[in-house]
Amino acid sequence: MHDTGQPLIEARALSAGYGARPVVSDLDIEVRPGEVVALLGPNGAGKTTTLRVLSGDLTPMGGEVLWLGTSGHAPLHRRAREGLAYVGERAVFSRLDTADNLRVGRVRAERALALFPELEKRMKTGGGMLSGGEQQMLSLARALSRDPKLLLADELSLGLAPLVVDRLLRAVREAADQGLGALLVEQHVRKVLDIADRVYVLSRGRVTMTGTPKELRGQLDAIESSYLANHPTP
Ligand SMILES: Nc1ncnc2c1ncn2[C@@H]1O[C@H](COP(=O)(O)OP(=O)(O)OP(=O)(O)O)[C@@H](O)[C@H]1O
């Protein structure tokens, strides 16, 4: 456990959604410096909605979000300037090479390569020609190179090979060991539990379980089968 201070972000009795309908309700969630927190749950549980409202991309319908100890709605771009990084869909410019992708993100190449040396041989390769894993390393390198206080990441490892998933999660863990707080929505339940300090499980818009990975180990099967219930196998 690497807890070093007051929460970077805190949701109190938070609800959010689209139109008149809340999709998530009564959320109490916090992330502190130095910790990796996993947000798990089946498709449609409201994980992306939770990240969006925490980031400032969606306005709360009820309750509050405290960002750096201050309550009130601040848009994503303001929170981004203050140290919030959001990694959602792969945001790589396919027509720019890796070096230019870093340049437009105002990231020093050396900094990104220190995080992901495997990108060095791909600096002149167009973003669209990178593998899914390389694209995600580039997205994560761009986010982490700015030394954010908080990382919110939505399915970093979607569709990636297990070794690449390990690599991305290890980079997040190492950044957290240097003080980053991270909230990760992740389908690879067992892998994320290997690096997480705490876990929230969301079901139908509410937190139904919370604890350390050790505390939740005995319930892994239940957590995973709740996913499977929403992913019928062919
Ligand atoms: N922009 C939107 N407008 C209206 N409804 C939305 C919007 N985005 C999501 N929803 C609805 O909100 C609910 C929760 O979606 P959300 O994407 O937050 O869940 P999730 O847990 O991230 O699921 P997934 O793993 O499938 O992305 C779903 O019923 C979805 O249809």
# chains A, B, ... in the order shown; residues from 1 in each chain; ligands from 1
>>> residues_around(residues="segment 164-167 of chain A", least_positions_apart="6", cutoff="10 Å", atoms="only C-alpha atoms", output="list in words")
Phe116, Gly132, Gly133, Glu134, Gln136, Met137, Leu156, Ser157, Leu158, Arg173, His188, Lys191, Val192, Asp194 and Ile195 of chain A
>>> closest_atom_pairs(of="segment 106-216 of chain A", to="segment 81-102 of chain A", cutoff="12 Å", atoms="only C-alpha atoms", output="JSON lines")
{"residue": "A:Arg106", "atom": "CA", "partner": "A:Leu102", "partner_atom": "CA", "distance": 6.2}
{"residue": "A:Val107", "atom": "CA", "partner": "A:Leu102", "partner_atom": "CA", "distance": 5.1}
{"residue": "A:Arg108", "atom": "CA", "partner": "A:Leu102", "partner_atom": "CA", "distance": 6.9}
{"residue": "A:Ala109", "atom": "CA", "partner": "A:Leu102", "partner_atom": "CA", "distance": 6.4}
{"residue": "A:Glu110", "atom": "CA", "partner": "A:Leu102", "partner_atom": "CA", "distance": 10.1}
{"residue": "A:Arg111", "atom": "CA", "partner": "A:Leu102", "partner_atom": "CA", "distance": 9.9}
{"residue": "A:Ala112", "atom": "CA", "partner": "A:Leu102", "partner_atom": "CA", "distance": 7.9}
{"residue": "A:Leu113", "atom": "CA", "partner": "A:Leu102", "partner_atom": "CA", "distance": 10.3}
{"residue": "A:Glu118", "atom": "CA", "partner": "A:Thr98", "partner_atom": "CA", "distance": 11.7}
{"residue": "A:Leu119", "atom": "CA", "partner": "A:Thr98", "partner_atom": "CA", "distance": 7.9}
{"residue": "A:Glu120", "atom": "CA", "partner": "A:Thr98", "partner_atom": "CA", "distance": 9.0}
{"residue": "A:Lys121", "atom": "CA", "partner": "A:Thr98", "partner_atom": "CA", "distance": 9.7}
{"residue": "A:Arg122", "atom": "CA", "partner": "A:Thr98", "partner_atom": "CA", "distance": 6.6}
{"residue": "A:Met123", "atom": "CA", "partner": "A:Thr98", "partner_atom": "CA", "distance": 4.7}
{"residue": "A:Lys124", "atom": "CA", "partner": "A:Asp97", "partner_atom": "CA", "distance": 5.3}
{"residue": "A:Thr125", "atom": "CA", "partner": "A:Asp97", "partner_atom": "CA", "distance": 4.9}
{"residue": "A:Gly126", "atom": "CA", "partner": "A:Asp97", "partner_atom": "CA", "distance": 3.8}
{"residue": "A:Gly127", "atom": "CA", "partner": "A:Ser94", "partner_atom": "CA", "distance": 4.1}
{"residue": "A:Gly128", "atom": "CA", "partner": "A:Ser94", "partner_atom": "CA", "distance": 3.9}
{"residue": "A:Met129", "atom": "CA", "partner": "A:Ser94", "partner_atom": "CA", "distance": 7.4}
{"residue": "A:Leu130", "atom": "CA", "partner": "A:Thr98", "partner_atom": "CA", "distance": 8.6}
{"residue": "A:Ser131", "atom": "CA", "partner": "A:Val92", "partner_atom": "CA", "distance": 11.3}
{"residue": "A:Gly132", "atom": "CA", "partner": "A:Arg90", "partner_atom": "CA", "distance": 8.6}
{"residue": "A:Gly133", "atom": "CA", "partner": "A:Arg90", "partner_atom": "CA", "distance": 10.0}
{"residue": "A:Glu134", "atom": "CA", "partner": "A:Thr98", "partner_atom": "CA", "distance": 9.6}
{"residue": "A:Gln135", "atom": "CA", "partner": "A:Val92", "partner_atom": "CA", "distance": 6.5}
{"residue": "A:Gln136", "atom": "CA", "partner": "A:Arg90", "partner_atom": "CA", "distance": 6.3}
{"residue": "A:Met137", "atom": "CA", "partner": "A:Arg90", "partner_atom": "CA", "distance": 9.7}
{"residue": "A:Leu138", "atom": "CA", "partner": "A:Val92", "partner_atom": "CA", "distance": 7.5}
{"residue": "A:Ser139", "atom": "CA", "partner": "A:Ala91", "partner_atom": "CA", "distance": 6.2}
{"residue": "A:Leu140", "atom": "CA", "partner": "A:Val87", "partner_atom": "CA", "distance": 7.0}
{"residue": "A:Ala141", "atom": "CA", "partner": "A:Leu102", "partner_atom": "CA", "distance": 8.5}
{"residue": "A:Arg142", "atom": "CA", "partner": "A:Leu102", "partner_atom": "CA", "distance": 6.5}
{"residue": "A:Ala143", "atom": "CA", "partner": "A:Ala85", "partner_atom": "CA", "distance": 5.8}
{"residue": "A:Leu144", "atom": "CA", "partner": "A:Ala85", "partner_atom": "CA", "distance": 7.7}
{"residue": "A:Ser145", "atom": "CA", "partner": "A:Leu102", "partner_atom": "CA", "distance": 9.6}
{"residue": "A:Arg146", "atom": "CA", "partner": "A:Gly83", "partner_atom": "CA", "distance": 8.2}
{"residue": "A:Asp147", "atom": "CA", "partner": "A:Gly83", "partner_atom": "CA", "distance": 7.5}
{"residue": "A:Pro148", "atom": "CA", "partner": "A:Gly83", "partner_atom": "CA", "distance": 4.4}
{"residue": "A:Lys149", "atom": "CA", "partner": "A:Gly83", "partner_atom": "CA", "distance": 5.0}
{"residue": "A:Leu150", "atom": "CA", "partner": "A:Leu84", "partner_atom": "CA", "distance": 5.0}
{"residue": "A:Leu151", "atom": "CA", "partner": "A:Ala85", "partner_atom": "CA", "distance": 4.8}
{"residue": "A:Leu152", "atom": "CA", "partner": "A:Tyr86", "partner_atom": "CA", "distance": 4.8}
{"residue": "A:Ala153", "atom": "CA", "partner": "A:Val87", "partner_atom": "CA", "distance": 4.7}
{"residue": "A:Asp154", "atom": "CA", "partner": "A:Gly88", "partner_atom": "CA", "distance": 4.9}
{"residue": "A:Glu155", "atom": "CA", "partner": "A:Gly88", "partner_atom": "CA", "distance": 7.2}
{"residue": "A:Leu156", "atom": "CA", "partner": "A:Gly88", "partner_atom": "CA", "distance": 7.4}
{"residue": "A:Ser157", "atom": "CA", "partner": "A:Arg90", "partner_atom": "CA", "distance": 10.2}
{"residue": "A:Leu158", "atom": "CA", "partner": "A:Glu89", "partner_atom": "CA", "distance": 9.4}
{"residue": "A:Gly159", "atom": "CA", "partner": "A:Arg90", "partner_atom": "CA", "distance": 11.6}
{"residue": "A:Val172", "atom": "CA", "partner": "A:Val87", "partner_atom": "CA", "distance": 11.9}
{"residue": "A:Leu180", "atom": "CA", "partner": "A:Gly83", "partner_atom": "CA", "distance": 10.0}
{"residue": "A:Gly181", "atom": "CA", "partner": "A:Leu84", "partner_atom": "CA", "distance": 9.7}
{"residue": "A:Ala182", "atom": "CA", "partner": "A:Ala85", "partner_atom": "CA", "distance": 9.4}
{"residue": "A:Leu183", "atom": "CA", "partner": "A:Tyr86", "partner_atom": "CA", "distance": 9.8}
{"residue": "A:Leu184", "atom": "CA", "partner": "A:Val87", "partner_atom": "CA", "distance": 9.6}
{"residue": "A:Val185", "atom": "CA", "partner": "A:Gly88", "partner_atom": "CA", "distance": 9.8}
{"residue": "A:Glu186", "atom": "CA", "partner": "A:Gly88", "partner_atom": "CA", "distance": 11.5}
>>> residues_near_ligand(ligand="ligand 1", cutoff="10 Å", atoms="only C-alpha atoms and all ligand atoms", output="PyMOL selection string")
chain A and resi 16-19+21-24+39-53+58+154-155+185-187+202-205+227+230
>>> select_by_dssp(residues="segment 29-216 of chain A", states="alpha helix (DSSP H)", output="ChimeraX atom specification")
/A:47-55,76-81,98-104,109-115,132-145,162-177,189-195,213-216
>>> residues_around(residues="Arg12 of chain A", least_positions_apart="5", cutoff="8 Å", atoms="only C-alpha atoms", output="mmCIF file with N, CA and C atoms, in the first residue's frame")
data_model
loop_
_atom_site.group_PDB
_atom_site.id
_atom_site.type_symbol
_atom_site.label_atom_id
_atom_site.label_comp_id
_atom_site.auth_asym_id
_atom_site.auth_seq_id
_atom_site.Cartn_x
_atom_site.Cartn_y
_atom_site.Cartn_z
ATOM 1 N N ASP A 26 -25.271 6.945 -6.215
ATOM 2 C CA ASP A 26 -24.802 6.725 -4.851
ATOM 3 C C ASP A 26 -23.367 6.229 -4.772
ATOM 4 N N LEU A 27 -22.542 6.711 -5.681
ATOM 5 C CA LEU A 27 -21.161 6.226 -5.706
ATOM 6 C C LEU A 27 -20.314 6.944 -4.670
ATOM 7 N N ASP A 28 -19.595 6.171 -3.876
ATOM 8 C CA ASP A 28 -18.565 6.711 -2.991
ATOM 9 C C ASP A 28 -17.257 6.045 -3.399
ATOM 10 N N ILE A 29 -16.427 6.817 -4.064
ATOM 11 C CA ILE A 29 -15.186 6.269 -4.621
ATOM 12 C C ILE A 29 -14.078 7.271 -4.363
ATOM 13 N N GLY A 63 -25.059 14.425 -5.816
ATOM 14 C CA GLY A 63 -23.821 14.183 -5.074
ATOM 15 C C GLY A 63 -22.723 15.113 -5.568
ATOM 16 N N GLU A 64 -21.468 14.752 -5.265
ATOM 17 C CA GLU A 64 -20.393 15.652 -5.685
ATOM 18 C C GLU A 64 -19.102 14.907 -5.998
ATOM 19 N N VAL A 65 -18.273 15.609 -6.775
ATOM 20 C CA VAL A 65 -16.919 15.143 -7.054
ATOM 21 C C VAL A 65 -15.962 16.156 -6.455
#
>>> closest_residue(among="A:Val37, A:Leu14, A:Val31, A:Val104", to="Thr59 of chain A", atoms="only C-alpha atoms")
A:Leu14
>>> residues_around(residues="Thr212 of chain A", least_positions_apart="5", cutoff="9 Å", atoms="only C-alpha atoms", output="list in words")
Leu193, Ala196, Asp197, Arg198, Val199, Tyr200 and Arg217 of chain A
>>> select_by_dssp(residues="segment 6-212 of chain A", states="strand (DSSP E)", output="ChimeraX atom specification")
/A:9-18,21-31,36-40,62-67,70-71,84-87,150-154,181-185,198-203,206-211
